[in-house]
Amino acid sequence: MTKRVLILNGPNLNLLGSREKSIYGGKTLADIEALCRETCETLDLSCDFRQSNHEGELVDWIQSARKTADAIIINPAAYSHTSLAIHDALRAVDKPVVEVHLSNIHQREPVRHHSYVSSVAVGVICGLGATGYKLAIEAVAEIL
Ligand code: DQA
């Protein structure tokens, strides 16, 4: 049976392509979604790709994944560094989680060095731009 991957994107990632291009690159979120859909199709995975600027909405979607997804790929954006709620929701799902960041958060301001999501993720990819999403999908395909 086709495995289902939920790909979540946190706040301000809807602005990709125009937001701080020197840090996040020129690709829009729609470009990244297209890359994810193409990669999932190649690997026979179904792809549910979403973005929200609201922590509670992301928590709701993670909770729903208990029934509707086999793995989660998440770029929690700024919530990586602040959200115990997203950490707790991901723990409760008990499915493989891969964390992605476009930028290398460890080369940036100290406040970005810690992520509440990393300790509940099987792996973390950062600094590789949109390619990080592709690699995360490939990793999930192997894990599943
Ligand atoms: C980000 C890194 C975060 O620190 C930042 O708040 C983001 C994007 C990234 O993809 O590099 O919004 O998650």
# chains A, B, ... in the order shown; residues from 1 in each chain; ligands from 1
>>> residues_near_ligand(ligand="ligand 1", cutoff="8 Å", atoms="only C-alpha atoms and all ligand atoms", output="list in words")
Gly10, Pro11, Asn12, Leu13, Ile23, Tyr24, Asn75, Pro76, Ala77, Ala78, Tyr79, Ser80, His81, Val100, His101, Leu102, Ser103, Asn104, Ile105, Arg112, Cys126, Gly127 and Gly129 of chain A
>>> residues_around(residues="Leu29 (chain A)", least_positions_apart="4", cutoff="9 Å", atoms="only C-alpha atoms", output="PyMOL selection string")
chain A and resi 13-17+33-34+51
>>> closest_residue(among="A:Ile137, A:Val93, A:Met1, A:Val124", to="Gln63 (chain A)", atoms="only C-alpha atoms")
A:Val93
>>> closest_residue(among="A:Leu6, A:Leu43, A:Val59, A:Ala85", to="Val97 (chain A)", atoms="only C-alpha atoms")
A:Leu6
>>> residues_around(residues="Arg37 (chain A)", least_positions_apart="4", cutoff="9 Å", atoms="only C-alpha atoms", output="PyMOL selection string")
chain A and resi 32-33+41-42+45-49
>>> write_last_selection(atoms="all heavy atoms", output="short mmCIF file (atom, residue, chain, number, x, y, z; two decimals), in the first residue's frame")
data_model
loop_
_atom_site.label_atom_id
_atom_site.label_comp_id
_atom_site.auth_asym_id
_atom_site.auth_seq_id
_atom_site.Cartn_x
_atom_site.Cartn_y
_atom_site.Cartn_z
N ILE A 32 8.98 24.43 -4.02
CA ILE A 32 9.37 23.33 -3.10
C ILE A 32 8.28 22.26 -3.08
O ILE A 32 8.57 21.06 -3.09
CB ILE A 32 9.66 23.89 -1.69
CG1 ILE A 32 10.92 24.77 -1.76
CG2 ILE A 32 9.85 22.76 -0.68
CD1 ILE A 32 11.29 25.46 -0.47
N GLU A 33 7.03 22.72 -3.10
CA GLU A 33 5.92 21.74 -3.14
C GLU A 33 6.02 20.88 -4.40
O GLU A 33 5.85 19.65 -4.35
CB GLU A 33 4.57 22.46 -3.08
CG GLU A 33 3.41 21.48 -3.16
CD GLU A 33 2.05 22.13 -2.92
OE1 GLU A 33 1.98 23.34 -2.61
OE2 GLU A 33 1.06 21.41 -3.05
N GLU A 41 6.23 11.09 -5.91
CA GLU A 41 5.67 10.27 -6.99
C GLU A 41 6.68 9.22 -7.44
O GLU A 41 6.34 8.04 -7.61
CB GLU A 41 5.29 11.18 -8.16
CG GLU A 41 4.15 10.63 -8.98
CD GLU A 41 3.76 11.58 -10.09
OE1 GLU A 41 3.43 12.75 -9.80
OE2 GLU A 41 3.82 11.14 -11.26
N THR A 42 7.93 9.65 -7.62
CA THR A 42 8.98 8.73 -8.03
C THR A 42 9.13 7.57 -7.05
O THR A 42 9.45 6.45 -7.43
CB THR A 42 10.34 9.48 -8.10
OG1 THR A 42 10.14 10.69 -8.80
CG2 THR A 42 11.42 8.67 -8.75
N LEU A 45 5.12 7.43 -2.98
CA LEU A 45 4.60 7.91 -1.70
C LEU A 45 3.50 8.93 -1.99
O LEU A 45 3.61 9.67 -2.97
CB LEU A 45 5.71 8.62 -0.91
CG LEU A 45 6.92 7.79 -0.49
CD1 LEU A 45 8.03 8.72 0.00
CD2 LEU A 45 6.54 6.80 0.61
N SER A 46 2.50 8.99 -1.14
CA SER A 46 1.53 10.08 -1.32
C SER A 46 2.01 11.28 -0.51
O SER A 46 2.67 11.13 0.52
CB SER A 46 0.12 9.64 -0.92
OG SER A 46 -0.01 9.73 0.48
N CYS A 47 1.68 12.47 -1.01
CA CYS A 47 2.27 13.69 -0.46
C CYS A 47 1.18 14.67 -0.05
O CYS A 47 0.38 15.10 -0.87
CB CYS A 47 3.15 14.31 -1.56
SG CYS A 47 3.86 15.90 -1.14
N ASP A 48 1.15 15.00 1.24
CA ASP A 48 0.21 16.02 1.74
C ASP A 48 1.08 17.19 2.21
O ASP A 48 1.78 17.07 3.22
CB ASP A 48 -0.59 15.39 2.89
CG ASP A 48 -1.67 16.32 3.43
OD1 ASP A 48 -1.77 17.47 2.95
OD2 ASP A 48 -2.40 15.89 4.34
N PHE A 49 1.09 18.27 1.44
CA PHE A 49 2.04 19.38 1.66
C PHE A 49 1.27 20.59 2.18
O PHE A 49 0.33 21.06 1.54
CB PHE A 49 2.71 19.71 0.33
CG PHE A 49 3.85 20.69 0.43
CD1 PHE A 49 5.17 20.26 0.48
CD2 PHE A 49 3.60 22.06 0.44
CE1 PHE A 49 6.21 21.17 0.55
CE2 PHE A 49 4.65 22.98 0.52
CZ PHE A 49 5.96 22.53 0.57
#
>>> select_by_dssp(residues="region 1-143 of chain A", states="helix (DSSP H, G or I)", output="PyMOL selection string")
chain A and resi 13-15+21-24+29-42+55-68+77-81+84-93+105-107+110-112+118-120+131-143
>>> residues_around(residues="Leu144 (chain A)", least_positions_apart="4", cutoff="9 Å", atoms="only C-alpha atoms", output="PDB file with all heavy atoms, in the first residue's frame")
ATOM      1  N   LYS A   3       2.475   4.531   0.963  1.00  0.00           N
ATOM      2  CA  LYS A   3       2.693   5.183   2.267  1.00  0.00           C
ATOM      3  C   LYS A   3       2.451   6.685   2.125  1.00  0.00           C
ATOM      4  O   LYS A   3       2.728   7.282   1.084  1.00  0.00           O
ATOM      5  CB  LYS A   3       4.115   4.916   2.757  1.00  0.00           C
ATOM      6  CG  LYS A   3       4.438   3.445   2.912  1.00  0.00           C
ATOM      7  CD  LYS A   3       3.837   2.899   4.172  1.00  0.00           C
ATOM      8  CE  LYS A   3       4.262   1.451   4.393  1.00  0.00           C
ATOM      9  NZ  LYS A   3       3.670   0.882   5.586  1.00  0.00           N
ATOM     10  N   ASP A  70       1.939   8.250   7.496  1.00  0.00           N
ATOM     11  CA  ASP A  70       2.883   7.228   7.954  1.00  0.00           C
ATOM     12  C   ASP A  70       4.202   7.845   8.409  1.00  0.00           C
ATOM     13  O   ASP A  70       4.997   7.194   9.083  1.00  0.00           O
ATOM     14  CB  ASP A  70       3.134   6.218   6.829  1.00  0.00           C
ATOM     15  CG  ASP A  70       1.848   5.488   6.465  1.00  0.00           C
ATOM     16  OD1 ASP A  70       1.307   4.798   7.353  1.00  0.00           O
ATOM     17  OD2 ASP A  70       1.359   5.644   5.334  1.00  0.00           O
ATOM     18  N   ALA A  71       4.453   9.093   7.993  1.00  0.00           N
ATOM     19  CA  ALA A  71       5.672   9.803   8.404  1.00  0.00           C
ATOM     20  C   ALA A  71       5.431  11.299   8.242  1.00  0.00           C
ATOM     21  O   ALA A  71       4.563  11.715   7.466  1.00  0.00           O
ATOM     22  CB  ALA A  71       6.858   9.376   7.542  1.00  0.00           C
ATOM     23  N   PRO A  96       7.729   8.206  12.265  1.00  0.00           N
ATOM     24  CA  PRO A  96       9.012   8.854  11.974  1.00  0.00           C
ATOM     25  C   PRO A  96       8.854  10.310  11.553  1.00  0.00           C
ATOM     26  O   PRO A  96       7.994  10.644  10.735  1.00  0.00           O
ATOM     27  CB  PRO A  96       9.604   8.021  10.842  1.00  0.00           C
ATOM     28  CG  PRO A  96       8.642   6.943  10.529  1.00  0.00           C
ATOM     29  CD  PRO A  96       7.481   7.023  11.449  1.00  0.00           C
ATOM     30  N   ALA A 139      14.856   9.744   2.526  1.00  0.00           N
ATOM     31  CA  ALA A 139      15.130   9.078   3.809  1.00  0.00           C
ATOM     32  C   ALA A 139      13.866   8.410   4.342  1.00  0.00           C
ATOM     33  O   ALA A 139      13.897   7.260   4.798  1.00  0.00           O
ATOM     34  CB  ALA A 139      15.667  10.092   4.815  1.00  0.00           C
ATOM     35  N   VAL A 140      12.744   9.125   4.256  1.00  0.00           N
ATOM     36  CA  VAL A 140      11.474   8.574   4.730  1.00  0.00           C
ATOM     37  C   VAL A 140      11.121   7.319   3.935  1.00  0.00           C
ATOM     38  O   VAL A 140      10.668   6.308   4.502  1.00  0.00           O
ATOM     39  CB  VAL A 140      10.358   9.651   4.622  1.00  0.00           C
ATOM     40  CG1 VAL A 140       8.986   9.030   4.573  1.00  0.00           C
ATOM     41  CG2 VAL A 140      10.456  10.629   5.793  1.00  0.00           C
TER      42      VAL A 140
END
